[in-house]
Amino acid sequence: MAHVVNPDLVQDLKAFGARDIEACFNCGTCTAICPLSKDGVVFPRRIIRYVQTGMEHRLLCSLEPWLCYYCGECSETCPRNAQPGELMMAARRYLTAAYDWTGLGRRLYLDVRVELGAILGLAALVVALFVLLGGPMTTELTPEGGVQLNTFAPAHVIELLDWAVGGVLAVLLLSNVWRMHRWIVGGETGLKVPLGAYARGLSTLLIHFFTQKQWLGCTPGLTRITTTRWFKHFCIFAGYVTMFVLIVMFLRWFQTDAVHPVWHPQRWVGYMATGGLLYGVSNALIGRWRRREELHKHSHPSDWIFLVLLWLTTVTGILVHIFRIHGLPHATYITYVIHLAVLVPMLVIEVPFSKWAHLAYRPVAIYLQQVVQQARAAQAANPSPQPQPA
Amino acid sequence: MDDPRPSPSPVDVVVVGGGIAGLEAALDLADQDYAVLLVERESSIGGKMIALSKTFPTLDCSSCITTPKMSAAFHHPRIRILTSTELERVEARAGSRRVHLRRKPTYVDNGLCIGCRLCEYACPVEFPDPFEEGLGAQRAIAVPFSNALPQKAVLDARHCIACGACVKACPTDAIRFDQQEERFTVEAGAVILATGFGLNALGLKPEYHASQSLNIISPMQLERLLAPHGPYGRVLRPSDGKVPGSVAFVLCAGSRDLSLGVPYCSRICCMYSIKEAMLLSGALPVADLTVYYMDIRAFGKGHEQFYQNAKAMGINFVKGKVARIDPVDHDDLSLRVELEEEGGRVEERRHDLVVLAQGAIPVLEPATALGVPAAPDGFLNQPDTVRITCTDIEGVFAAGAALGPKDIVDSILEAGAAAMEAARFLAARAPASSAAGKSTASPPSVHA
């Protein structure tokens with residue numbers, strides 16, 4: 001197969017954050033030090049090589065960037081300070097933008113003004129919608145002393161909007177996942193994947209989606225640090241998914257005017273989820289601010305924007321709850337509008353186009369790795385009778 | 001000749017460093033009738049070369065080249081040698097260079113010691129022998145090694161228990177427990193710095209776990225194991241005395257690595273590792289020998305052929321830098337490496353003995369003594385790109401690894417160049433009456 005070389009690929013990846021990658025002299029330390037690099041899946045040097053030699057198609061067909069959890073050992077031991085860990089991070093950004101067929105992801109990643117503009121525009125749209133279509137801002141309280149939030153923003157209307165936005169985003173994200181799948185499975189010429197392989201891998205997909213347990217294979221010598229990092233990330237993941245389910249599927253049960261007692265699941269489930277989010281996101285923000293650990297040393301604007309939006313969403317959500325149960329109507333309404341003015345841009349920008357998308361791409365990559373391996377095994381067991389095309 | 005009493009009489013040239021470059025420079029100048037003072041920090045001249053087994057790429061016996069040079073310098077009528085003496089400062093004033101030196105106590109009167117070693121046999125204290133790189137044992141008072149020059153006993157105050165056994169044994173009453181450090185200054189026409197290089201610590205790279213295994217050794221340790229008069233008389237691995245069946249050489253273990261602060265190439269490791277592997281294949285004919293390398297830099301005369309010969313001899317060369325070394329059971333070691341020429345797969349490989357190619361690093365004393373900044377790599381600065389043995393100070397020249405890592409051949413070449421520069425410098429400044437600036441007035445006092 002002929003290869004098309006893109007001589008600008010290095011510059012492209014540098015724009016996505018891999019600023020030092022040209023320093024690499026391919027000694028292989030990064031690959032050999034990486035605890036996750038084994039059994040035929042070896043990185044980061046292979047990815048560096050694709051980038052340095054302009055093998056754009058090979059890079060697009062690679063799932064290795066999604067298998068790296070950035071423990072940072074490669075960057076710490078790199079003899080050239082080429083930051084291979086940051087290259088893997090940049091490759092994840094690059095792939096996220098490349099999977100996105102609309103091309104918006106690339107513009108958002110490469111120009112922070114576009115990203116901020118999009119966020120502010122969407123926030124303004126949300127505020128305008130509330131100003132134009134919002135319900136009456138009644139100061140009358142419920143018998144328990146809570147604010148009548150559902151008069152201002154009725155849960156069934158918000159729910160419909162939820163589903164409309166969610167549907168569009170799901171279509172975008174799933175179509176990107178489909179492109180990712182086509183590249184990864186199609187990248188190997190002549191590989192035929194039996195349908196059974198797809199079915200057999202589904203449990204892997206779900207397990208890795210919910211646990212991110214691949215991460216725990218990082219840094220065998222430093223299990224405690226790895227487990228702590230994984231736990232912080234899991235707090236963000238679990239809090240996020242819980243809130244997502246509550247808001248998308250159970251909004252009528254979640255956004256009530258009634259003030260339930262503390263032992264009511266509506267309250268403690270919400271508290272646990274937001275508590276986890278606040279803990280995890282604050283830790284990530286502090287880590288990126290301090291830049292002590294390798295994985296926090298280099299922050300792309302998109303990393304900051306994602307974390308700040310997530311943190312603001314969490315805090316405003318908590319404030320809405322506090323103001324509501326304490327009977328502060330105007331504070332509740334204004335905070336609610338701000339909450340949505342942060343939440344909507346975060347979802348619209350991040351889910352299909354930016355950092356959030358790794359929630360889908362990472363487990364799918366592990367799933368596809370297994371699928372491809374099974375397909376290879378099947379092909380090796382029953383070699384096709386036709387001669388392979390040259 | 002070794003001088004027991006440092007005297008402040010002026011000399012033509014002070015050569016600092018008694019390794020192969022310093023010996024060569026001193027001999028080149030003394031043979032032209034210049035009066036030379038050779039200063040050596042250790043208790044014997046010979047430098048690193050006297051400890052090597054053989055040299056590359058000719059596989060000549062190293063001590064068979066060095067010992068005659070040492071002897072020639074030691075017995076030269078125009079060379080005075082001060083061992084256990086360190087350079088403190090070089091003061092360059094108009095027309096003269098004042099060299100401030102410090103002689104460390106050896107607790108032995110070299111004028112009386114006859115090198116009979118009776119003190120060494122009487123001494124009850126043993127400690128890891130520095131000359132054998134810690135592999136053999138040394139007494140607290142001893143002649144440094146068998147072919148050391150001067151053949152005088154040296155007492156190591158860090159290990160001596162002051163039992164007095166040596167005093168009783170000494171037939172000439174040469175032991176001086178009250179010897180003090182001495183500082184003195186020598187006037188010299190020119191100075192040549194041949195202070196050589198250091199090696200960075202074996203345990204520098206934490207991923208190699210060198211402190212956790214005795215079987216991760218330095219190249220100098222392997223030189224001693226290979227030397228015919230080495231500590232064990234044969235190649236055995238240090239932890240259990242087993243004859244190693246599989247030996248790994250890890251190149252660039254201390255250089256070309258920004259994470260260790262040594263970005264430059266040490267220039268000698270590729271060749272000495274190939275040489276040591278060749279010697280091992282003679283010493284251990286059935287052993288598997290593997291050299292892990294990033295690229296083999298065989299740039300000198302005959303080096304590439306030497307490398308090709310090593311490959312033809314069956315030594316394995318594996319492209320890929322070793323990322324981790326982990327001690328495993330039976331005192332063996334497991335190396336994790338990406339096999340770049342086998343599709344880039346990662347493999348754990350087990351070896352009995354691992355040799356880490358340490359980086360050659362600068363010794364900082366010469367630049368400090370001159371009071372000038374070192375070059376960015378830490379070695380002595382070379383302000384003139386053509387006359388490379390000149391330093392920032394007029395009349396002070398440098399040669400060998402003090403200017404940057406280099407092999408023996410290049411060091412000797414530079415020593416000759418530095419001697420030539422020094423002679424030219426002295427001749428240009430000599431008054432018309434004295435022939436070419438040689439100090440005819442004061443033939444070295446050591447003639448007696």
# chains A, B, ... in the order shown; residues from 1 in each chain; ligands from 1
$ residues_around --residues "Tyr208 (chain B)" --least-positions-apart "6" --cutoff "9 Å" --atoms "only C-alpha atoms" --output "list in words"
Leu202, Ile216, Ala253, Val322, Ala323, Arg324, Ile325, Asp326 and Leu335 of chain B
$ select_by_dssp --residues "region 167-381 of chain B" --states "strand (DSSP E or B)" --output "number ranges by chain"
B: 175, 182-193, 197-199, 216-217, 246-250, 257, 262, 288-293, 316-319, 322-327, 333-339, 345-351, 353-356, 360-362
$ closest_residue --among "A:Cys61, A:Ile322, A:Arg229, A:Pro363" --to "Gly186 (chain A)" --atoms "only C-alpha atoms"
A:Cys61
$ residues_around --residues "Phe249 (chain B)" --least-positions-apart "3" --cutoff "9 Å" --atoms "only C-alpha atoms" --output "list in words"
Pro219, Ser273, Ile274, Ala277, Leu289, Thr290, Val291, Tyr292, Tyr293, Leu353, Val354, Val355, Leu356 and Ala357 of chain B
$ write_last_selection --atoms "N, CA and C atoms" --output "PDB file, in the first residue's frame"
ATOM      1  N   PRO B 219      32.114  -0.288  33.940  1.00  0.00           N
ATOM      2  CA  PRO B 219      33.098  -0.777  32.961  1.00  0.00           C
ATOM      3  C   PRO B 219      34.489  -0.908  33.570  1.00  0.00           C
ATOM      4  N   SER B 273      33.189  -0.791  25.291  1.00  0.00           N
ATOM      5  CA  SER B 273      32.229  -1.881  25.515  1.00  0.00           C
ATOM      6  C   SER B 273      32.445  -3.001  24.502  1.00  0.00           C
ATOM      7  N   ILE B 274      32.689  -2.615  23.258  1.00  0.00           N
ATOM      8  CA  ILE B 274      32.978  -3.632  22.235  1.00  0.00           C
ATOM      9  C   ILE B 274      34.253  -4.386  22.616  1.00  0.00           C
ATOM     10  N   ALA B 277      33.564  -6.667  25.471  1.00  0.00           N
ATOM     11  CA  ALA B 277      32.791  -7.832  25.011  1.00  0.00           C
ATOM     12  C   ALA B 277      33.705  -8.819  24.289  1.00  0.00           C
ATOM     13  N   LEU B 289      26.839 -12.752  24.861  1.00  0.00           N
ATOM     14  CA  LEU B 289      27.213 -11.358  25.100  1.00  0.00           C
ATOM     15  C   LEU B 289      26.309 -10.465  24.259  1.00  0.00           C
ATOM     16  N   THR B 290      25.680  -9.496  24.903  1.00  0.00           N
ATOM     17  CA  THR B 290      24.758  -8.621  24.193  1.00  0.00           C
ATOM     18  C   THR B 290      25.107  -7.176  24.499  1.00  0.00           C
ATOM     19  N   VAL B 291      25.181  -6.369  23.451  1.00  0.00           N
ATOM     20  CA  VAL B 291      25.414  -4.930  23.615  1.00  0.00           C
ATOM     21  C   VAL B 291      24.125  -4.221  23.203  1.00  0.00           C
ATOM     22  N   TYR B 292      23.508  -3.501  24.152  1.00  0.00           N
ATOM     23  CA  TYR B 292      22.318  -2.704  23.852  1.00  0.00           C
ATOM     24  C   TYR B 292      22.767  -1.285  23.543  1.00  0.00           C
ATOM     25  N   TYR B 293      22.443  -0.800  22.363  1.00  0.00           N
ATOM     26  CA  TYR B 293      22.989   0.490  21.941  1.00  0.00           C
ATOM     27  C   TYR B 293      21.917   1.358  21.303  1.00  0.00           C
ATOM     28  N   LEU B 353      24.905 -10.741  34.369  1.00  0.00           N
ATOM     29  CA  LEU B 353      25.787  -9.635  34.738  1.00  0.00           C
ATOM     30  C   LEU B 353      25.494  -8.488  33.773  1.00  0.00           C
ATOM     31  N   VAL B 354      25.422  -7.271  34.314  1.00  0.00           N
ATOM     32  CA  VAL B 354      25.125  -6.113  33.471  1.00  0.00           C
ATOM     33  C   VAL B 354      26.209  -5.066  33.681  1.00  0.00           C
ATOM     34  N   VAL B 355      26.725  -4.548  32.580  1.00  0.00           N
ATOM     35  CA  VAL B 355      27.750  -3.502  32.635  1.00  0.00           C
ATOM     36  C   VAL B 355      27.118  -2.205  32.137  1.00  0.00           C
ATOM     37  N   LEU B 356      27.122  -1.179  32.972  1.00  0.00           N
ATOM     38  CA  LEU B 356      26.529   0.100  32.586  1.00  0.00           C
ATOM     39  C   LEU B 356      27.623   1.034  32.075  1.00  0.00           C
ATOM     40  N   ALA B 357      27.453   1.525  30.872  1.00  0.00           N
ATOM     41  CA  ALA B 357      28.427   2.476  30.326  1.00  0.00           C
ATOM     42  C   ALA B 357      28.178   3.842  30.954  1.00  0.00           C
TER      43      ALA B 357
END
$ select_by_dssp --residues "region 233-312 of chain B" --states "helix (DSSP H, G or I)" --output "ChimeraX atom specification"
/B:258-260,269-283,303-312
$ closest_atom_pairs --of "chain A" --to "chain B" --cutoff "12 Å" --atoms "only C-alpha atoms" --output "CSV"
residue,atom,partner,partner_atom,distance
A:Ala23,CA,B:Leu258,CA,11.0
A:Cys24,CA,B:Asp257,CA,11.5
A:Phe25,CA,B:Met294,CA,9.0
A:Asn26,CA,B:Met294,CA,8.3
A:Cys27,CA,B:Lys321,CA,5.4
A:Gly28,CA,B:Gly320,CA,5.7
A:Thr29,CA,B:Ala323,CA,4.9
A:Cys30,CA,B:Ala323,CA,7.4
A:Thr31,CA,B:Glu338,CA,6.3
A:Ala32,CA,B:Val337,CA,4.9
A:Ile33,CA,B:Ala323,CA,5.1
A:Cys34,CA,B:Ala323,CA,8.9
A:Pro35,CA,B:Arg336,CA,10.1
A:Leu36,CA,B:Val346,CA,10.5
A:Ser37,CA,B:Val346,CA,7.2
A:Lys38,CA,B:Val346,CA,6.1
A:Asp39,CA,B:Arg345,CA,7.9
A:Gly40,CA,B:Arg345,CA,6.4
A:Val41,CA,B:Arg345,CA,8.0
A:Val42,CA,B:Arg345,CA,6.4
A:Phe43,CA,B:Gly344,CA,9.0
A:Pro44,CA,B:Gly344,CA,10.7
A:Arg45,CA,B:Gly344,CA,8.6
A:Arg46,CA,B:Gly344,CA,7.7
A:Ile47,CA,B:Gly344,CA,11.4
A:Arg49,CA,B:Gly344,CA,11.0
A:Glu73,CA,B:Glu207,CA,10.1
A:Cys74,CA,B:Ala323,CA,9.3
A:Ser75,CA,B:Ser259,CA,9.2
A:Glu76,CA,B:Ser259,CA,7.0
A:Thr77,CA,B:Ser259,CA,6.0
A:Cys78,CA,B:Ser259,CA,6.4
A:Pro79,CA,B:Asp257,CA,3.9
A:Arg80,CA,B:Leu258,CA,5.5
A:Asn81,CA,B:Leu258,CA,6.4
A:Ala82,CA,B:Leu258,CA,9.7
A:Gln83,CA,B:Ser259,CA,11.1
A:Thr219,CA,B:Glu207,CA,11.8
A:Gly221,CA,B:Glu207,CA,10.2
$ write_last_selection --atoms "N, CA and C atoms" --output "compact mmCIF listing (two decimals), in the first residue's frame"
# COMPACT_ATOMS: atom_id res chain seq x y z
N ALA A 23 12.61 16.79 19.12
CA ALA A 23 13.88 16.46 19.78
C ALA A 23 14.10 14.94 19.85
N CYS A 24 13.06 14.15 19.65
CA CYS A 24 13.16 12.69 19.83
C CYS A 24 14.18 12.10 18.88
N PHE A 25 15.10 11.25 19.40
CA PHE A 25 16.02 10.54 18.51
C PHE A 25 15.76 9.02 18.51
N ASN A 26 14.56 8.65 18.88
CA ASN A 26 14.12 7.27 18.71
C ASN A 26 14.99 6.24 19.41
N CYS A 27 15.28 6.48 20.68
CA CYS A 27 16.08 5.50 21.42
C CYS A 27 15.20 4.37 21.94
N GLY A 28 13.90 4.62 22.09
CA GLY A 28 13.00 3.56 22.54
C GLY A 28 12.82 3.47 24.04
N THR A 29 13.43 4.41 24.79
CA THR A 29 13.26 4.38 26.25
C THR A 29 11.78 4.48 26.63
N CYS A 30 11.07 5.38 25.97
CA CYS A 30 9.67 5.63 26.35
C CYS A 30 8.85 4.36 26.22
N THR A 31 9.04 3.64 25.12
CA THR A 31 8.25 2.43 24.90
C THR A 31 8.62 1.35 25.92
N ALA A 32 9.93 1.24 26.19
CA ALA A 32 10.35 0.18 27.10
C ALA A 32 10.03 0.50 28.55
N ILE A 33 9.92 1.78 28.89
CA ILE A 33 9.61 2.13 30.28
C ILE A 33 8.10 2.05 30.52
N CYS A 34 7.31 2.14 29.46
CA CYS A 34 5.85 2.22 29.63
C CYS A 34 5.29 0.89 30.12
N PRO A 35 4.66 0.87 31.29
CA PRO A 35 4.14 -0.40 31.81
C PRO A 35 2.95 -0.92 31.02
N LEU A 36 2.29 -0.05 30.25
CA LEU A 36 1.12 -0.50 29.49
C LEU A 36 1.51 -0.98 28.10
N SER A 37 2.78 -0.79 27.75
CA SER A 37 3.24 -1.13 26.41
C SER A 37 3.68 -2.58 26.39
N LYS A 38 2.82 -3.47 25.89
CA LYS A 38 3.16 -4.90 25.86
C LYS A 38 2.21 -5.64 24.92
N ASP A 39 2.50 -6.90 24.72
CA ASP A 39 1.64 -7.79 23.93
C ASP A 39 1.25 -7.20 22.58
N GLY A 40 2.23 -6.74 21.84
CA GLY A 40 1.93 -6.29 20.48
C GLY A 40 1.40 -4.88 20.38
N VAL A 41 1.00 -4.28 21.51
CA VAL A 41 0.59 -2.87 21.44
C VAL A 41 1.70 -2.07 22.10
N VAL A 42 2.52 -1.42 21.28
CA VAL A 42 3.68 -0.72 21.82
C VAL A 42 3.60 0.75 21.47
N PHE A 43 3.84 1.56 22.45
CA PHE A 43 3.83 3.01 22.28
C PHE A 43 4.67 3.59 23.41
N PRO A 44 5.08 4.83 23.40
CA PRO A 44 4.74 5.91 22.46
C PRO A 44 5.65 6.01 21.22
N ARG A 45 6.80 5.34 21.16
CA ARG A 45 7.73 5.66 20.08
C ARG A 45 7.12 5.44 18.71
N ARG A 46 6.28 4.42 18.59
CA ARG A 46 5.67 4.14 17.29
C ARG A 46 4.86 5.36 16.82
N ILE A 47 4.13 5.95 17.76
CA ILE A 47 3.32 7.12 17.39
C ILE A 47 4.23 8.31 17.06
N ARG A 49 7.14 8.11 15.81
CA ARG A 49 7.70 7.83 14.48
C ARG A 49 6.71 8.21 13.39
N GLU A 73 5.99 8.52 33.08
CA GLU A 73 7.32 7.93 33.21
C GLU A 73 8.16 8.14 31.95
N CYS A 74 7.52 8.10 30.78
CA CYS A 74 8.26 8.28 29.54
C CYS A 74 8.84 9.68 29.47
N SER A 75 8.07 10.67 29.89
CA SER A 75 8.59 12.04 29.84
C SER A 75 9.69 12.24 30.86
N GLU A 76 9.54 11.62 32.03
CA GLU A 76 10.57 11.79 33.06
C GLU A 76 11.90 11.17 32.65
N THR A 77 11.85 10.03 31.95
CA THR A 77 13.09 9.33 31.63
C THR A 77 13.60 9.65 30.24
N CYS A 78 12.88 10.46 29.49
CA CYS A 78 13.29 10.73 28.10
C CYS A 78 14.66 11.39 28.07
N PRO A 79 15.63 10.81 27.34
CA PRO A 79 16.97 11.41 27.31
C PRO A 79 17.01 12.73 26.54
N ARG A 80 15.98 13.01 25.79
CA ARG A 80 16.00 14.23 24.97
C ARG A 80 14.98 15.26 25.44
N ASN A 81 14.32 15.02 26.54
CA ASN A 81 13.26 15.91 27.01
C ASN A 81 12.22 16.16 25.93
N ALA A 82 11.94 15.12 25.15
CA ALA A 82 11.01 15.29 24.03
C ALA A 82 9.56 15.19 24.46
N GLN A 83 9.32 14.87 25.72
CA GLN A 83 7.96 14.81 26.29
C GLN A 83 7.05 13.85 25.51
N THR A 219 2.50 2.49 36.07
CA THR A 219 3.51 2.59 37.13
C THR A 219 3.42 1.50 38.19
N GLY A 221 5.63 0.35 40.03
CA GLY A 221 6.39 0.67 41.24
C GLY A 221 5.68 1.66 42.14
$ residues_around --residues "Pro228 (chain B)" --least-positions-apart "2" --cutoff "12 Å" --atoms "only C-alpha atoms" --output "PDB file with C-alpha atoms, in the first residue's frame"
ATOM      1  CA  ALA B  51      43.967   0.056  35.545  1.00  0.00           C
ATOM      2  CA  LEU B  52      42.735  -1.028  32.098  1.00  0.00           C
ATOM      3  CA  SER B  53      43.215  -4.538  30.791  1.00  0.00           C
ATOM      4  CA  LYS B  54      43.658  -3.802  27.079  1.00  0.00           C
ATOM      5  CA  CYS B  61      48.067  -4.696  26.770  1.00  0.00           C
ATOM      6  CA  SER B  62      47.321  -1.440  28.548  1.00  0.00           C
ATOM      7  CA  SER B  63      49.790  -1.718  31.404  1.00  0.00           C
ATOM      8  CA  CYS B  64      52.512  -2.777  28.937  1.00  0.00           C
ATOM      9  CA  LEU B 222      34.952  -5.231  34.320  1.00  0.00           C
ATOM     10  CA  GLU B 223      38.387  -3.989  33.220  1.00  0.00           C
ATOM     11  CA  ARG B 224      39.735  -5.183  36.563  1.00  0.00           C
ATOM     12  CA  LEU B 225      37.914  -8.526  36.251  1.00  0.00           C
ATOM     13  CA  LEU B 226      39.473  -8.941  32.805  1.00  0.00           C
ATOM     14  CA  GLY B 230      42.804  -8.570  38.588  1.00  0.00           C
ATOM     15  CA  PRO B 231      41.066  -9.214  41.894  1.00  0.00           C
ATOM     16  CA  TYR B 232      39.793 -12.744  41.210  1.00  0.00           C
ATOM     17  CA  GLY B 233      42.255 -13.775  38.500  1.00  0.00           C
ATOM     18  CA  ARG B 234      39.276 -14.610  36.268  1.00  0.00           C
ATOM     19  CA  VAL B 235      35.856 -13.247  35.354  1.00  0.00           C
ATOM     20  CA  LEU B 279      37.798  -9.847  25.787  1.00  0.00           C
ATOM     21  CA  ALA B 283      37.532 -15.277  28.863  1.00  0.00           C
TER      22      ALA B 283
END
$ residues_around --residues "Val143 (chain B)" --least-positions-apart "6" --cutoff "8 Å" --atoms "only C-alpha atoms" --output "list in words"
Gly115, Arg117, Glu120, Gln151, Lys152, Ala153 and Val154 of chain B
$ residues_around --residues "region 369-377 of chain A" --least-positions-apart "4" --cutoff "9 Å" --atoms "only C-alpha atoms" --output "JSON, numbers by chain"
{"A": [41, 63, 184, 185, 191, 192, 193, 194, 197, 198, 199, 200, 201, 204, 364, 365, 381, 382]}
$ closest_residue --among "A:Val171, A:Met88, A:Leu95, A:Leu161" --to "Pro352 (chain A)" --atoms "only C-alpha atoms"
A:Val171
$ atom_distance --atom1 "CA of Ile141 (chain B)" --atom2 "CA of Asp156 (chain B)"
6.1 Å
$ residues_around --residues "region 168-182 of chain B" --least-positions-apart "5" --cutoff "8 Å" --atoms "only C-alpha atoms" --output "list in words"
Arg102, Arg103, Lys104, Pro105, Thr106, Tyr107, Val108, Asp109, Asn110, Gly111, Leu112, Cys113, Ile114, Leu118, Cys119 and Ala122 of chain B
$ write_last_selection --atoms "N, CA and C atoms" --output "mmCIF file, in the first residue's frame"
data_model
loop_
_atom_site.group_PDB
_atom_site.id
_atom_site.type_symbol
_atom_site.label_atom_id
_atom_site.label_comp_id
_atom_site.auth_asym_id
_atom_site.auth_seq_id
_atom_site.Cartn_x
_atom_site.Cartn_y
_atom_site.Cartn_z
ATOM 1 N N ARG B 102 48.665 21.657 47.184
ATOM 2 C CA ARG B 102 48.424 21.144 48.530
ATOM 3 C C ARG B 102 48.785 19.675 48.554
ATOM 4 N N ARG B 103 49.727 19.343 49.434
ATOM 5 C CA ARG B 103 50.130 17.943 49.521
ATOM 6 C C ARG B 103 49.440 17.301 50.702
ATOM 7 N N LYS B 104 48.695 16.230 50.412
ATOM 8 C CA LYS B 104 47.966 15.530 51.469
ATOM 9 C C LYS B 104 48.920 14.600 52.212
ATOM 10 N N PRO B 105 48.702 14.411 53.502
ATOM 11 C CA PRO B 105 49.598 13.525 54.251
ATOM 12 C C PRO B 105 49.405 12.072 53.831
ATOM 13 N N THR B 106 50.506 11.340 53.686
ATOM 14 C CA THR B 106 50.422 9.894 53.448
ATOM 15 C C THR B 106 50.837 9.138 54.702
ATOM 16 N N TYR B 107 51.285 9.892 55.703
ATOM 17 C CA TYR B 107 51.714 9.347 57.000
ATOM 18 C C TYR B 107 52.908 8.417 56.870
ATOM 19 N N VAL B 108 53.636 8.573 55.739
ATOM 20 C CA VAL B 108 54.844 7.781 55.523
ATOM 21 C C VAL B 108 55.913 8.745 55.010
ATOM 22 N N ASP B 109 57.102 8.663 55.556
ATOM 23 C CA ASP B 109 58.209 9.480 55.066
ATOM 24 C C ASP B 109 58.779 8.799 53.822
ATOM 25 N N ASN B 110 58.490 9.410 52.643
ATOM 26 C CA ASN B 110 58.896 8.769 51.389
ATOM 27 C C ASN B 110 60.422 8.699 51.254
ATOM 28 N N GLY B 111 61.140 9.543 52.010
ATOM 29 C CA GLY B 111 62.601 9.480 51.957
ATOM 30 C C GLY B 111 63.126 8.230 52.633
ATOM 31 N N LEU B 112 62.357 7.699 53.572
ATOM 32 C CA LEU B 112 62.806 6.516 54.301
ATOM 33 C C LEU B 112 62.176 5.227 53.778
ATOM 34 N N CYS B 113 60.928 5.321 53.287
ATOM 35 C CA CYS B 113 60.212 4.105 52.855
ATOM 36 C C CYS B 113 60.959 3.452 51.701
ATOM 37 N N ILE B 114 61.125 2.133 51.813
ATOM 38 C CA ILE B 114 61.817 1.400 50.757
ATOM 39 C C ILE B 114 60.856 0.493 49.983
ATOM 40 N N LEU B 118 56.356 -4.567 54.317
ATOM 41 C CA LEU B 118 56.203 -5.268 55.604
ATOM 42 C C LEU B 118 55.058 -4.657 56.409
ATOM 43 N N CYS B 119 54.866 -3.310 56.285
ATOM 44 C CA CYS B 119 53.739 -2.659 56.982
ATOM 45 C C CYS B 119 52.413 -3.209 56.467
ATOM 46 N N ALA B 122 51.650 -6.472 57.859
ATOM 47 C CA ALA B 122 51.347 -6.440 59.290
ATOM 48 C C ALA B 122 49.982 -5.832 59.593
#
